[in-house]
>>> print(open('data14.pdb').read())   # PDB, C-alpha atoms
MODEL        1
ATOM      1  CA  MET A   1     -15.331 -23.072  12.417
ATOM      2  CA  ASP A   2     -15.578 -19.775  10.603
ATOM      3  CA  ASP A   3     -12.676 -17.391  11.100
ATOM      4  CA  ASP A   4     -14.285 -14.002  11.727
ATOM      5  CA  ARG A   5     -11.034 -12.169  12.458
ATOM      6  CA  PRO A   6     -10.136  -9.237  10.207
ATOM      7  CA  ASP A   7      -7.931 -10.348   7.336
ATOM      8  CA  VAL A   8      -5.909  -7.135   7.569
ATOM      9  CA  LEU A   9      -5.415  -4.755  10.497
ATOM     10  CA  LEU A  10      -4.109  -1.260   9.719
ATOM     11  CA  THR A  11      -3.252   1.941  11.524
ATOM     12  CA  GLY A  12      -1.584   5.144  10.393
ATOM     13  CA  LEU A  13      -2.119   8.712   9.286
ATOM     14  CA  LEU A  14      -4.892   9.543   6.837
ATOM     15  CA  PHE A  15      -4.623  12.323   4.252
ATOM     16  CA  TYR A  16      -6.974  13.969   1.802
ATOM     17  CA  ASP A  17      -5.050  13.812  -1.490
ATOM     18  CA  LEU A  18      -5.375  16.183  -4.421
ATOM     19  CA  VAL A  19      -3.335  14.799  -7.315
ATOM     20  CA  LEU A  20      -2.434  16.819 -10.401
ATOM     21  CA  THR A  21      -1.222  14.817 -13.397
ATOM     22  CA  GLY A  22      -0.029  15.508 -16.905
ATOM     23  CA  LEU A  23       2.553  18.141 -16.031
ATOM     24  CA  GLY A  24       4.781  18.785 -19.016
ATOM     25  CA  GLN A  25       7.508  19.950 -16.651
ATOM     26  CA  PRO A  26       7.925  20.699 -12.934
ATOM     27  CA  PRO A  27       6.717  24.194 -11.962
ATOM     28  CA  THR A  28       9.196  26.908 -11.097
ATOM     29  CA  PRO A  29       8.680  29.984  -8.872
ATOM     30  CA  GLY A  30       6.552  32.624 -10.564
ATOM     31  CA  GLU A  31       5.253  30.207 -13.182
ATOM     32  CA  GLU A  32       1.741  28.880 -13.743
ATOM     33  CA  ILE A  33       1.310  25.456 -15.338
ATOM     34  CA  TRP A  34      -1.990  24.004 -16.518
ATOM     35  CA  THR A  35      -2.376  20.244 -16.108
ATOM     36  CA  SER A  36      -4.361  17.777 -18.160
ATOM     37  CA  GLY A  37      -5.573  15.638 -15.262
ATOM     38  CA  MET A  38      -6.651  15.762 -11.633
ATOM     39  CA  GLY A  39      -8.053  13.413  -9.020
ATOM     40  CA  CYS A  40      -8.921  13.548  -5.340
ATOM     41  CA  GLY A  41      -9.587  11.046  -2.578
ATOM     42  CA  PRO A  42      -8.326   9.577   0.678
ATOM     43  CA  GLY A  43      -4.591   8.892   0.901
ATOM     44  CA  GLY A  44      -1.889   7.843   3.338
ATOM     45  CA  ILE A  45      -2.979   4.745   5.259
ATOM     46  CA  ALA A  46      -6.140   4.710   3.117
ATOM     47  CA  ASN A  47      -3.997   3.489   0.216
ATOM     48  CA  LEU A  48      -3.453   0.169   1.978
ATOM     49  CA  ALA A  49      -7.011  -0.047   3.268
ATOM     50  CA  VAL A  50      -8.685   0.413  -0.116
ATOM     51  CA  ALA A  51      -6.232  -1.839  -1.943
ATOM     52  CA  ALA A  52      -6.839  -4.656   0.553
ATOM     53  CA  SER A  53     -10.614  -4.233   0.666
ATOM     54  CA  ARG A  54     -10.889  -4.284  -3.140
ATOM     55  CA  PHE A  55      -9.346  -7.764  -3.093
ATOM     56  CA  GLY A  56     -12.120  -8.947  -0.796
ATOM     57  CA  LEU A  57     -10.129  -8.841   2.435
ATOM     58  CA  ARG A  58     -11.924  -7.937   5.659
ATOM     59  CA  THR A  59     -10.054  -4.754   6.436
ATOM     60  CA  SER A  60     -10.013  -2.989   9.810
ATOM     61  CA  LEU A  61      -8.508   0.517   9.978
ATOM     62  CA  ALA A  62      -7.577   2.567  13.054
ATOM     63  CA  THR A  63      -7.000   6.178  12.047
ATOM     64  CA  VAL A  64      -8.041   9.729  12.900
ATOM     65  CA  PHE A  65     -10.466  11.840  10.857
ATOM     66  CA  GLY A  66     -10.693  15.586  11.240
ATOM     67  CA  ASP A  67     -14.101  17.127  11.955
ATOM     68  CA  ASP A  68     -14.041  18.892   8.595
ATOM     69  CA  PHE A  69     -15.210  18.352   5.026
ATOM     70  CA  TYR A  70     -12.081  16.374   4.142
ATOM     71  CA  GLY A  71     -12.509  14.014   7.086
ATOM     72  CA  ALA A  72     -16.210  13.457   6.424
ATOM     73  CA  TYR A  73     -15.564  12.804   2.734
ATOM     74  CA  CYS A  74     -12.753  10.323   3.422
ATOM     75  CA  HIS A  75     -14.853   8.548   6.074
ATOM     76  CA  GLU A  76     -17.736   8.125   3.628
ATOM     77  CA  ILE A  77     -15.470   6.811   0.870
ATOM     78  CA  LEU A  78     -13.740   4.296   3.134
ATOM     79  CA  ALA A  79     -16.755   3.005   5.047
ATOM     80  CA  GLY A  80     -19.630   3.611   2.650
ATOM     81  CA  GLN A  81     -18.005   3.018  -0.727
ATOM     82  CA  GLU A  82     -15.110   0.667   0.025
ATOM     83  CA  GLY A  83     -16.467  -1.336   2.965
ATOM     84  CA  VAL A  84     -13.552  -0.706   5.338
ATOM     85  CA  ASP A  85     -14.295  -1.318   9.044
ATOM     86  CA  LEU A  86     -13.654   1.957  10.904
ATOM     87  CA  SER A  87     -14.779   0.867  14.381
ATOM     88  CA  LEU A  88     -11.237   1.440  15.718
ATOM     89  CA  SER A  89     -11.034   4.934  14.193
ATOM     90  CA  ARG A  90     -11.918   8.279  15.788
ATOM     91  CA  THR A  91     -13.035  11.732  14.672
ATOM     92  CA  ALA A  92     -11.100  14.491  16.435
ATOM     93  CA  ASN A  93     -12.941  17.699  17.265
ATOM     94  CA  GLY A  94     -11.066  20.841  16.305
ATOM     95  CA  TRP A  95      -8.417  18.986  14.331
ATOM     96  CA  HIS A  96      -8.276  19.168  10.560
ATOM     97  CA  THR A  97      -7.526  16.296   8.228
ATOM     98  CA  PRO A  98      -4.049  16.633   6.669
ATOM     99  CA  VAL A  99      -4.208  17.662   3.007
ATOM    100  CA  THR A 100      -1.568  16.700   0.428
ATOM    101  CA  VAL A 101      -1.182  18.146  -3.053
ATOM    102  CA  SER A 102       0.719  15.726  -5.293
ATOM    103  CA  LEU A 103       2.337  16.962  -8.494
ATOM    104  CA  ALA A 104       2.849  13.857 -10.629
ATOM    105  CA  HIS A 105       5.587  14.210 -13.229
ATOM    106  CA  GLY A 106       7.097  11.303 -15.156
ATOM    107  CA  ASP A 107       7.611   8.251 -12.941
ATOM    108  CA  ASP A 108       7.697  10.272  -9.710
ATOM    109  CA  ARG A 109       5.858  13.050  -7.904
ATOM    110  CA  ALA A 110       6.433  15.983  -5.568
ATOM    111  CA  LEU A 111       4.267  16.351  -2.469
ATOM    112  CA  VAL A 112       3.184  19.391  -0.473
ATOM    113  CA  THR A 113       1.273  18.653   2.754
ATOM    114  CA  HIS A 114      -0.552  20.855   5.240
ATOM    115  CA  GLY A 115      -1.326  19.268   8.583
ATOM    116  CA  GLN A 116      -0.225  18.418  12.088
ATOM    117  CA  GLU A 117       0.147  15.359  14.273
ATOM    118  CA  PRO A 118      -3.218  13.801  15.238
ATOM    119  CA  PRO A 119      -4.393  14.015  18.870
ATOM    120  CA  TYR A 120      -4.539  10.209  19.165
ATOM    121  CA  SER A 121      -1.453   8.012  18.717
ATOM    122  CA  GLN A 122      -1.431   4.605  17.086
ATOM    123  CA  ASP A 123      -1.088   2.964  20.506
ATOM    124  CA  VAL A 124      -4.121   4.856  21.847
ATOM    125  CA  LEU A 125      -6.198   3.932  18.797
ATOM    126  CA  MET A 126      -5.215   0.275  18.939
ATOM    127  CA  GLY A 127      -5.134  -0.277  22.709
ATOM    128  CA  ASP A 128      -5.088  -4.052  22.966
ATOM    129  CA  PRO A 129      -5.372  -4.784  19.241
ATOM    130  CA  PRO A 130      -7.957  -7.292  18.104
ATOM    131  CA  GLU A 131      -6.750 -10.617  16.782
ATOM    132  CA  ALA A 132      -6.312 -10.447  13.036
ATOM    133  CA  ARG A 133      -4.919 -12.741  10.374
ATOM    134  CA  THR A 134      -2.392 -10.107   9.299
ATOM    135  CA  ALA A 135      -1.372  -6.529   9.980
ATOM    136  CA  LEU A 136       0.272  -4.269   7.436
ATOM    137  CA  VAL A 137       2.633  -1.999   9.336
ATOM    138  CA  HIS A 138       4.912   0.939   8.542
ATOM    139  CA  ILE A 139       7.751   0.549  11.045
ATOM    140  CA  GLU A 140       9.516   3.623  12.354
ATOM    141  CA  ALA A 141      12.540   4.351  14.542
ATOM    142  CA  GLU A 142      10.353   4.502  17.658
ATOM    143  CA  PRO A 143       8.693   1.068  18.172
ATOM    144  CA  ARG A 144       4.923   1.027  18.642
ATOM    145  CA  ALA A 145       3.681  -0.861  21.698
ATOM    146  CA  TRP A 146       0.645  -2.246  19.858
ATOM    147  CA  LEU A 147       2.887  -4.074  17.391
ATOM    148  CA  ALA A 148       4.316  -6.408  20.023
ATOM    149  CA  LYS A 149       0.817  -7.057  21.363
ATOM    150  CA  ALA A 150      -0.472  -7.913  17.887
ATOM    151  CA  SER A 151       2.423 -10.255  17.222
ATOM    152  CA  ALA A 152       1.852 -11.949  20.582
ATOM    153  CA  ASN A 153      -1.832 -12.584  19.839
ATOM    154  CA  GLY A 154      -0.983 -14.459  16.645
ATOM    155  CA  THR A 155      -1.314 -11.696  14.049
ATOM    156  CA  GLN A 156       1.203 -12.084  11.221
ATOM    157  CA  ILE A 157       2.987  -8.764  10.726
ATOM    158  CA  TYR A 158       3.847  -7.598   7.195
ATOM    159  CA  ALA A 159       6.063  -4.524   7.469
ATOM    160  CA  ASP A 160       7.455  -1.848   5.223
ATOM    161  CA  VAL A 161       9.607   1.180   6.005
ATOM    162  CA  GLY A 162       9.993   4.722   4.736
ATOM    163  CA  TRP A 163      12.844   6.904   3.564
ATOM    164  CA  ASP A 164      15.067   8.155   6.390
ATOM    165  CA  PRO A 165      15.398  11.934   5.956
ATOM    166  CA  THR A 166      18.344  11.963   8.394
ATOM    167  CA  GLN A 167      20.256   9.576   6.110
ATOM    168  CA  GLN A 168      21.432   7.713   9.223
ATOM    169  CA  TRP A 169      19.621   4.449   8.389
ATOM    170  CA  SER A 170      19.923   3.172  11.947
ATOM    171  CA  THR A 171      20.136  -0.611  12.038
ATOM    172  CA  ASP A 172      18.287  -0.478  15.384
ATOM    173  CA  LEU A 173      15.092  -0.224  13.349
ATOM    174  CA  LEU A 174      15.686  -3.715  11.973
ATOM    175  CA  GLU A 175      15.372  -5.150  15.492
ATOM    176  CA  GLN A 176      11.613  -4.777  15.086
ATOM    177  CA  LEU A 177      11.715  -7.438  12.369
ATOM    178  CA  ALA A 178      11.834 -10.015  15.172
ATOM    179  CA  LEU A 179       8.087  -9.355  15.507
ATOM    180  CA  CYS A 180       7.418  -9.634  11.780
ATOM    181  CA  HIS A 181       6.503 -12.384   9.358
ATOM    182  CA  ALA A 182       7.459 -10.398   6.255
ATOM    183  CA  PHE A 183       9.415  -7.251   5.348
ATOM    184  CA  LEU A 184       8.822  -5.391   2.068
ATOM    185  CA  PRO A 185      11.237  -2.437   1.606
ATOM    186  CA  ASN A 186      12.229  -0.936  -1.706
ATOM    187  CA  GLU A 187      15.697  -1.435  -3.127
ATOM    188  CA  ALA A 188      17.201   1.841  -1.870
ATOM    189  CA  GLU A 189      15.827   1.353   1.645
ATOM    190  CA  ALA A 190      16.925  -2.288   1.809
ATOM    191  CA  MET A 191      20.518  -1.533   0.778
ATOM    192  CA  ALA A 192      20.764   1.481   3.096
ATOM    193  CA  TYR A 193      19.526  -0.347   6.192
ATOM    194  CA  THR A 194      21.617  -3.469   5.546
ATOM    195  CA  ARG A 195      24.768  -1.572   4.474
ATOM    196  CA  THR A 196      24.959  -3.561   1.224
ATOM    197  CA  ASP A 197      25.551  -2.508  -2.382
ATOM    198  CA  SER A 198      22.972  -4.592  -4.253
ATOM    199  CA  ALA A 199      19.406  -5.743  -3.864
ATOM    200  CA  VAL A 200      20.502  -9.383  -3.886
ATOM    201  CA  ALA A 201      23.018  -8.794  -1.090
ATOM    202  CA  ALA A 202      20.409  -6.874   0.905
ATOM    203  CA  LEU A 203      17.956  -9.730   0.456
ATOM    204  CA  GLY A 204      20.534 -12.166   1.808
ATOM    205  CA  THR A 205      20.946 -10.078   4.952
ATOM    206  CA  LEU A 206      17.207  -9.644   5.471
ATOM    207  CA  THR A 207      16.541 -13.382   5.202
ATOM    208  CA  GLU A 208      18.491 -13.752   8.445
ATOM    209  CA  LEU A 209      16.072 -11.389  10.197
ATOM    210  CA  VAL A 210      12.583 -12.234   8.911
ATOM    211  CA  PRO A 211      10.876 -15.344   7.451
ATOM    212  CA  VAL A 212       9.701 -13.625   4.237
ATOM    213  CA  ALA A 213      11.843 -10.881   2.679
ATOM    214  CA  VAL A 214      10.672  -8.956  -0.387
ATOM    215  CA  ILE A 215      12.530  -6.138  -2.143
ATOM    216  CA  THR A 216      10.746  -3.997  -4.711
ATOM    217  CA  ARG A 217      12.919  -2.613  -7.505
ATOM    218  CA  GLY A 218      10.705  -0.196  -9.397
ATOM    219  CA  GLY A 219      11.211  -0.705 -13.128
ATOM    220  CA  ASP A 220      13.273  -3.830 -12.420
ATOM    221  CA  GLY A 221      10.425  -5.687 -10.703
ATOM    222  CA  ALA A 222      10.859  -7.468  -7.376
ATOM    223  CA  ILE A 223      12.827 -10.258  -5.691
ATOM    224  CA  ALA A 224      11.919 -12.297  -2.637
ATOM    225  CA  VAL A 225      12.776 -15.238  -0.411
ATOM    226  CA  ASP A 226      10.250 -17.208   1.644
ATOM    227  CA  GLN A 227      12.086 -19.309   4.211
ATOM    228  CA  THR A 228       8.861 -20.956   5.363
ATOM    229  CA  THR A 229       8.540 -22.664   1.968
ATOM    230  CA  GLY A 230      12.163 -22.543   0.766
ATOM    231  CA  GLU A 231      11.242 -20.477  -2.307
ATOM    232  CA  TYR A 232      13.176 -17.772  -4.142
ATOM    233  CA  ALA A 233      11.538 -15.683  -6.852
ATOM    234  CA  GLU A 234      12.457 -12.805  -9.126
ATOM    235  CA  VAL A 235       9.916 -11.194 -11.452
ATOM    236  CA  PRO A 236      10.095  -8.273 -13.915
ATOM    237  CA  ALA A 237       8.000  -5.131 -13.717
ATOM    238  CA  LEU A 238       4.974  -4.620 -15.901
ATOM    239  CA  ALA A 239       5.613  -2.280 -18.830
ATOM    240  CA  VAL A 240       3.087   0.530 -18.345
ATOM    241  CA  ASP A 241       2.773   4.266 -18.904
ATOM    242  CA  VAL A 242       2.945   5.887 -15.482
ATOM    243  CA  LEU A 243       0.362   8.586 -14.808
ATOM    244  CA  ASP A 244       0.756   8.818 -11.014
ATOM    245  CA  ALA A 245       3.012   6.654  -8.850
ATOM    246  CA  THR A 246       1.340   7.712  -5.583
ATOM    247  CA  GLY A 247       0.575   4.682  -3.432
ATOM    248  CA  ALA A 248       2.008   2.056  -5.807
ATOM    249  CA  GLY A 249       4.094   0.544  -3.009
ATOM    250  CA  ASP A 250       1.013   0.289  -0.805
ATOM    251  CA  VAL A 251      -0.925  -1.491  -3.563
ATOM    252  CA  PHE A 252       2.013  -3.877  -3.953
ATOM    253  CA  GLY A 253       2.007  -4.652  -0.220
ATOM    254  CA  ALA A 254      -1.747  -5.184   0.054
ATOM    255  CA  SER A 255      -1.754  -7.402  -3.032
ATOM    256  CA  PHE A 256       1.126  -9.486  -1.697
ATOM    257  CA  VAL A 257      -0.786 -10.015   1.542
ATOM    258  CA  ALA A 258      -3.957 -10.995  -0.341
ATOM    259  CA  ALA A 259      -2.045 -13.591  -2.362
ATOM    260  CA  SER A 260      -0.213 -14.827   0.737
ATOM    261  CA  LEU A 261      -3.486 -15.373   2.583
ATOM    262  CA  GLY A 262      -4.554 -17.416  -0.435
ATOM    263  CA  GLY A 263      -1.528 -19.678  -0.009
ATOM    264  CA  TRP A 264      -0.111 -18.941  -3.464
ATOM    265  CA  PRO A 265       3.455 -19.889  -4.479
ATOM    266  CA  LEU A 266       5.977 -17.096  -4.009
ATOM    267  CA  GLU A 267       6.427 -16.337  -7.713
ATOM    268  CA  GLU A 268       2.670 -15.967  -8.156
ATOM    269  CA  ARG A 269       2.485 -13.683  -5.117
ATOM    270  CA  LEU A 270       5.217 -11.472  -6.558
ATOM    271  CA  ARG A 271       3.751 -11.370 -10.064
ATOM    272  CA  PHE A 272       0.324 -10.522  -8.701
ATOM    273  CA  ALA A 273       1.688  -7.681  -6.537
ATOM    274  CA  VAL A 274       3.778  -6.290  -9.398
ATOM    275  CA  LEU A 275       0.729  -6.416 -11.684
ATOM    276  CA  ALA A 276      -1.590  -4.693  -9.212
ATOM    277  CA  ALA A 277       0.954  -1.933  -8.558
ATOM    278  CA  GLY A 278       1.481  -1.522 -12.299
ATOM    279  CA  LEU A 279      -2.237  -1.162 -12.922
ATOM    280  CA  SER A 280      -2.567   1.390 -10.127
ATOM    281  CA  VAL A 281      -0.042   3.881 -11.541
ATOM    282  CA  GLN A 282      -2.207   4.349 -14.625
ATOM    283  CA  HIS A 283      -4.795   6.280 -12.560
ATOM    284  CA  PRO A 284      -4.535   9.348 -10.298
ATOM    285  CA  SER A 285      -4.650   9.242  -6.495
ATOM    286  CA  GLY A 286      -3.140   6.334  -4.575
ATOM    287  CA  ALA A 287      -6.112   4.849  -2.702
ATOM    288  CA  LEU A 288      -8.742   4.967  -5.431
ATOM    289  CA  ALA A 289      -6.266   3.841  -8.094
ATOM    290  CA  ALA A 290      -6.156   0.323  -6.609
ATOM    291  CA  PRO A 291      -7.414  -2.116  -9.270
ATOM    292  CA  GLY A 292      -9.149  -4.750  -7.129
ATOM    293  CA  TRP A 293     -10.253  -8.039  -8.653
ATOM    294  CA  TYR A 294     -12.285  -6.160 -11.255
ATOM    295  CA  GLY A 295      -9.215  -4.366 -12.609
ATOM    296  CA  VAL A 296      -7.083  -7.517 -12.650
ATOM    297  CA  ASP A 297      -9.802  -9.502 -14.422
ATOM    298  CA  ARG A 298     -10.324  -6.758 -16.994
ATOM    299  CA  TRP A 299      -6.568  -6.556 -17.650
ATOM    300  CA  LEU A 300      -6.249 -10.329 -18.104
ATOM    301  CA  HIS A 301      -8.999 -10.322 -20.710
ATOM    302  CA  THR A 302      -7.192  -7.670 -22.743
ATOM    303  CA  VAL A 303      -3.699  -9.251 -22.734
ATOM    304  CA  ARG A 304      -2.613 -10.335 -26.202
ATOM    305  CA  ASP A 305       1.133 -10.765 -25.667
ATOM    306  CA  PRO A 306       1.829 -14.552 -25.575
ATOM    307  CA  GLU A 307       4.647 -14.216 -23.032
ATOM    308  CA  LEU A 308       2.489 -12.192 -20.656
ATOM    309  CA  ARG A 309      -0.388 -14.632 -21.045
ATOM    310  CA  ARG A 310       1.922 -17.489 -20.081
ATOM    311  CA  ALA A 311       3.431 -15.616 -17.154
ATOM    312  CA  TYR A 312       0.046 -14.625 -15.751
ATOM    313  CA  GLY A 313      -1.924 -17.688 -16.786
ATOM    314  CA  PHE A 314      -2.212 -18.704 -13.130
ATOM    315  CA  LEU A 315      -4.731 -15.881 -12.646
ATOM    316  CA  VAL A 316      -7.358 -17.842 -14.558
ATOM    317  CA  ASP A 317      -7.690 -20.064 -11.488
ATOM    318  CA  ARG A 318      -7.155 -17.279  -8.941
ATOM    319  CA  ILE A 319      -9.622 -14.578  -9.978
ATOM    320  CA  PRO A 320     -13.023 -15.082  -8.304
ATOM    321  CA  ALA A 321     -15.900 -16.178 -10.511
ATOM    322  CA  ASP A 322     -17.489 -12.827  -9.697
ATOM    323  CA  PRO A 323     -14.720 -10.196  -9.706
ATOM    324  CA  GLY A 324     -17.183  -7.557  -8.565
ATOM    325  CA  PRO A 325     -18.388  -4.293 -10.084
ATOM    326  CA  PRO A 326     -16.117  -1.699 -11.693
ATOM    327  CA  VAL A 327     -13.994   0.121  -9.136
ATOM    328  CA  ALA A 328     -14.563   3.836  -8.535
ATOM    329  CA  TYR A 329     -11.497   5.815  -9.546
ATOM    330  CA  ALA A 330     -10.644   9.217  -8.092
ATOM    331  CA  PRO A 331     -13.094  11.950  -9.127
ATOM    332  CA  VAL A 332     -11.815  15.291 -10.347
ATOM    333  CA  THR A 333     -13.656  16.933  -7.449
ATOM    334  CA  PRO A 334     -15.664  15.290  -4.678
ATOM    335  CA  PRO A 335     -19.390  15.159  -5.401
ATOM    336  CA  ALA A 336     -21.620  17.636  -3.599
ATOM    337  CA  ARG A 337     -23.095  16.172  -0.423
ATOM    338  CA  GLN A 338     -26.815  15.549  -0.659
TER     339      GLN A 338
ENDMDL
END
>>> encode(input="data14.pdb", output="structure tokens")
Amino acid sequence: MDDDRPDVLLTGLLFYDLVLTGLGQPPTPGEEIWTSGMGCGPGGIANLAVAASRFGLRTSLATVFGDDFYGAYCHEILAGQEGVDLSLSRTANGWHTPVTVSLAHGDDRALVTHGQEPPYSQDVLMGDPPEARTALVHIEAEPRAWLAKASANGTQIYADVGWDPTQQWSTDLLEQLALCHAFLPNEAEAMAYTRTDSAVAALGTLTELVPVAVITRGGDGAIAVDQTTGEYAEVPALAVDVLDATGAGDVFGASFVAASLGGWPLEERLRFAVLAAGLSVQHPSGALAAPGWYGVDRWLHTVRDPELRRAYGFLVDRIPADPGPPVAYAPVTPPARQ
């Protein structure tokens, strides 16, 4: 019997991103700096949606669009260009789409956002969530009711978490991992929430709370344990020149889910996610920087380093025979509507 459930269920806040790259130095008050690069496109939860859809996953997104140019543009990109199912999403009259300006400098970026909370919550958008193979979730201090419903209907929950601006790192948040199949924090978040002093120690604590624990380590790669298969894996990062790190963690998460749905061994899942995230930071704007199968296939055909070819040789049997057309990267400005 065909499984017509969505492969990935998503909900969260959407942004219109304007990314400026190539800054020689961070700006200071009273100073004007000219940049060498710019890109625009949907951001926020769209980062996960586009990254997943470009790997051929049936992706269902519940979000809110403003009734403005930014909302209409993001809706067209997600539904028309990227094939994301927006049947759970809503357009809010009189509410504007949040706009973020990202100043990318070195391996990091500074963000300035204008916006306000949407008129529909995640729980209102989701209601009784549809059955899905997986859901990619950003857990927060206040649990979302839809998450428990999704877990109860058989959806495997892959969760990440954000930086805690209060610096309290309440361990109560980790109680939500009882609903989750996998948890994918970065190294700083993992150590802070588990009260440990190394990524390895944090991983040991997390394996007691969730079947699959993954910790991303930036330039040091990623480590993970999958208790369902008894695997441990540690992989290095890909050596790349970073143009814009916006959304790299989201690309990592979506890629890990895609490989997990394919039943790949843990080391392959990690290498694939590290590769996809590494390819994404070479382009501006998080969502439209996602490489998809096309980008991975193109990269593999250009690799000359023998060690890299050995490490990623498994992709020869993983990349679809038709990796699809070239992906559309972020335009400098959105095209004029016809």
>>> closest_residue(input="data14.pdb", among="A:His96, A:Ala248, A:Leu78, A:Phe314", to="Arg54 in chain A", atoms="only C-alpha atoms")
A:Leu78
>>> closest_residue(input="data14.pdb", among="A:Leu10, A:Leu111, A:Val251, A:Val296", to="Leu147 in chain A", atoms="all atoms listed in the file")
A:Leu10
>>> residues_around(input="data14.pdb", residues="Leu243 in chain A", least_positions_apart="2", cutoff="12 Å", atoms="all atoms listed in the file", output="PyMOL selection string")
chain A and resi 19-24+36-39+102-109+240-241+245-246+248+278-286+289
>>> closest_residue(input="data14.pdb", among="A:Ser121, A:Ser255, A:Ser89, A:Asn186", to="Ile223 in chain A", atoms="only C-alpha atoms")
A:Asn186
>>> closest_residue(input="data14.pdb", among="A:Pro211, A:Gly44, A:Gly324, A:Pro98", to="Gly247 in chain A", atoms="only C-alpha atoms")
A:Gly44
>>> resolve_selection(input="data14.pdb", expression="the PyMOL selection byres ((chain A and resi 17) around 7)", output="MDAnalysis selection string")
chainID A and resid 15:16 18:19 40:43 99:101 285
>>> resolve_selection(input="data14.pdb", expression="the PyMOL selection byres ((chain A and resi 311) around 12)", output="mmCIF file with C-alpha atoms, in the coordinates of the input")
data_model
loop_
_atom_site.group_PDB
_atom_site.id
_atom_site.type_symbol
_atom_site.label_atom_id
_atom_site.label_comp_id
_atom_site.auth_asym_id
_atom_site.auth_seq_id
_atom_site.Cartn_x
_atom_site.Cartn_y
_atom_site.Cartn_z
ATOM 1 C CA VAL A 235 9.916 -11.194 -11.452
ATOM 2 C CA PRO A 236 10.095 -8.273 -13.915
ATOM 3 C CA ALA A 237 8.000 -5.131 -13.717
ATOM 4 C CA LEU A 238 4.974 -4.620 -15.901
ATOM 5 C CA GLU A 267 6.427 -16.337 -7.713
ATOM 6 C CA GLU A 268 2.670 -15.967 -8.156
ATOM 7 C CA LEU A 270 5.217 -11.472 -6.558
ATOM 8 C CA ARG A 271 3.751 -11.370 -10.064
ATOM 9 C CA PHE A 272 0.324 -10.522 -8.701
ATOM 10 C CA LEU A 275 0.729 -6.416 -11.684
ATOM 11 C CA LEU A 300 -6.249 -10.329 -18.104
ATOM 12 C CA VAL A 303 -3.699 -9.251 -22.734
ATOM 13 C CA ASP A 305 1.133 -10.765 -25.667
ATOM 14 C CA PRO A 306 1.829 -14.552 -25.575
ATOM 15 C CA GLU A 307 4.647 -14.216 -23.032
ATOM 16 C CA LEU A 308 2.489 -12.192 -20.656
ATOM 17 C CA ARG A 309 -0.388 -14.632 -21.045
ATOM 18 C CA ARG A 310 1.922 -17.489 -20.081
ATOM 19 C CA TYR A 312 0.046 -14.625 -15.751
ATOM 20 C CA GLY A 313 -1.924 -17.688 -16.786
ATOM 21 C CA PHE A 314 -2.212 -18.704 -13.130
ATOM 22 C CA LEU A 315 -4.731 -15.881 -12.646
ATOM 23 C CA VAL A 316 -7.358 -17.842 -14.558
#
>>> atom_distance(input="data14.pdb", atom1="CA of Ala201 in chain A", atom2="CA of Gly221 in chain A")
16.1 Å
>>> closest_residue(input="data14.pdb", among="A:Val200, A:Leu266, A:Val332, A:Ala188", to="Thr228 in chain A", atoms="all atoms listed in the file")
A:Leu266
>>> resolve_selection(input="data14.pdb", expression="the PyMOL selection byres ((chain A and resi 180) around 7)", output="JSON, numbers by chain")
{"A": [156, 157, 158, 159, 177, 178, 179, 181, 182, 210]}
>>> residues_near_point(input="data14.pdb", point="(-12.7, 0.7, 3.8)", cutoff="10 Å", atoms="all atoms listed in the file", output="mmCIF file with C-alpha atoms, keeping the file's coordinate frame")
data_model
loop_
_atom_site.group_PDB
_atom_site.id
_atom_site.type_symbol
_atom_site.label_atom_id
_atom_site.label_comp_id
_atom_site.auth_asym_id
_atom_site.auth_seq_id
_atom_site.Cartn_x
_atom_site.Cartn_y
_atom_site.Cartn_z
ATOM 1 C CA ALA A 46 -6.140 4.710 3.117
ATOM 2 C CA ASN A 47 -3.997 3.489 0.216
ATOM 3 C CA LEU A 48 -3.453 0.169 1.978
ATOM 4 C CA ALA A 49 -7.011 -0.047 3.268
ATOM 5 C CA VAL A 50 -8.685 0.413 -0.116
ATOM 6 C CA ALA A 51 -6.232 -1.839 -1.943
ATOM 7 C CA ALA A 52 -6.839 -4.656 0.553
ATOM 8 C CA SER A 53 -10.614 -4.233 0.666
ATOM 9 C CA ARG A 54 -10.889 -4.284 -3.140
ATOM 10 C CA LEU A 57 -10.129 -8.841 2.435
ATOM 11 C CA ARG A 58 -11.924 -7.937 5.659
ATOM 12 C CA THR A 59 -10.054 -4.754 6.436
ATOM 13 C CA SER A 60 -10.013 -2.989 9.810
ATOM 14 C CA LEU A 61 -8.508 0.517 9.978
ATOM 15 C CA CYS A 74 -12.753 10.323 3.422
ATOM 16 C CA HIS A 75 -14.853 8.548 6.074
ATOM 17 C CA GLU A 76 -17.736 8.125 3.628
ATOM 18 C CA ILE A 77 -15.470 6.811 0.870
ATOM 19 C CA LEU A 78 -13.740 4.296 3.134
ATOM 20 C CA ALA A 79 -16.755 3.005 5.047
ATOM 21 C CA GLY A 80 -19.630 3.611 2.650
ATOM 22 C CA GLN A 81 -18.005 3.018 -0.727
ATOM 23 C CA GLU A 82 -15.110 0.667 0.025
ATOM 24 C CA GLY A 83 -16.467 -1.336 2.965
ATOM 25 C CA VAL A 84 -13.552 -0.706 5.338
ATOM 26 C CA ASP A 85 -14.295 -1.318 9.044
ATOM 27 C CA LEU A 86 -13.654 1.957 10.904
#
>>> atom_distance(input="data14.pdb", atom1="CA of Thr155 in chain A", atom2="CA of Arg133 in chain A")
5.3 Å
>>> residues_around(input="data14.pdb", residues="Glu189 in chain A", least_positions_apart="2", cutoff="12 Å", atoms="all atoms listed in the file", output="PyMOL selection string")
chain A and resi 160-165+167-171+173-174+183-187+191-199+202-203+206+214-217
>>> atom_distance(input="data14.pdb", atom1="CA of Thr91 in chain A", atom2="CA of Leu9 in chain A")
18.6 Å
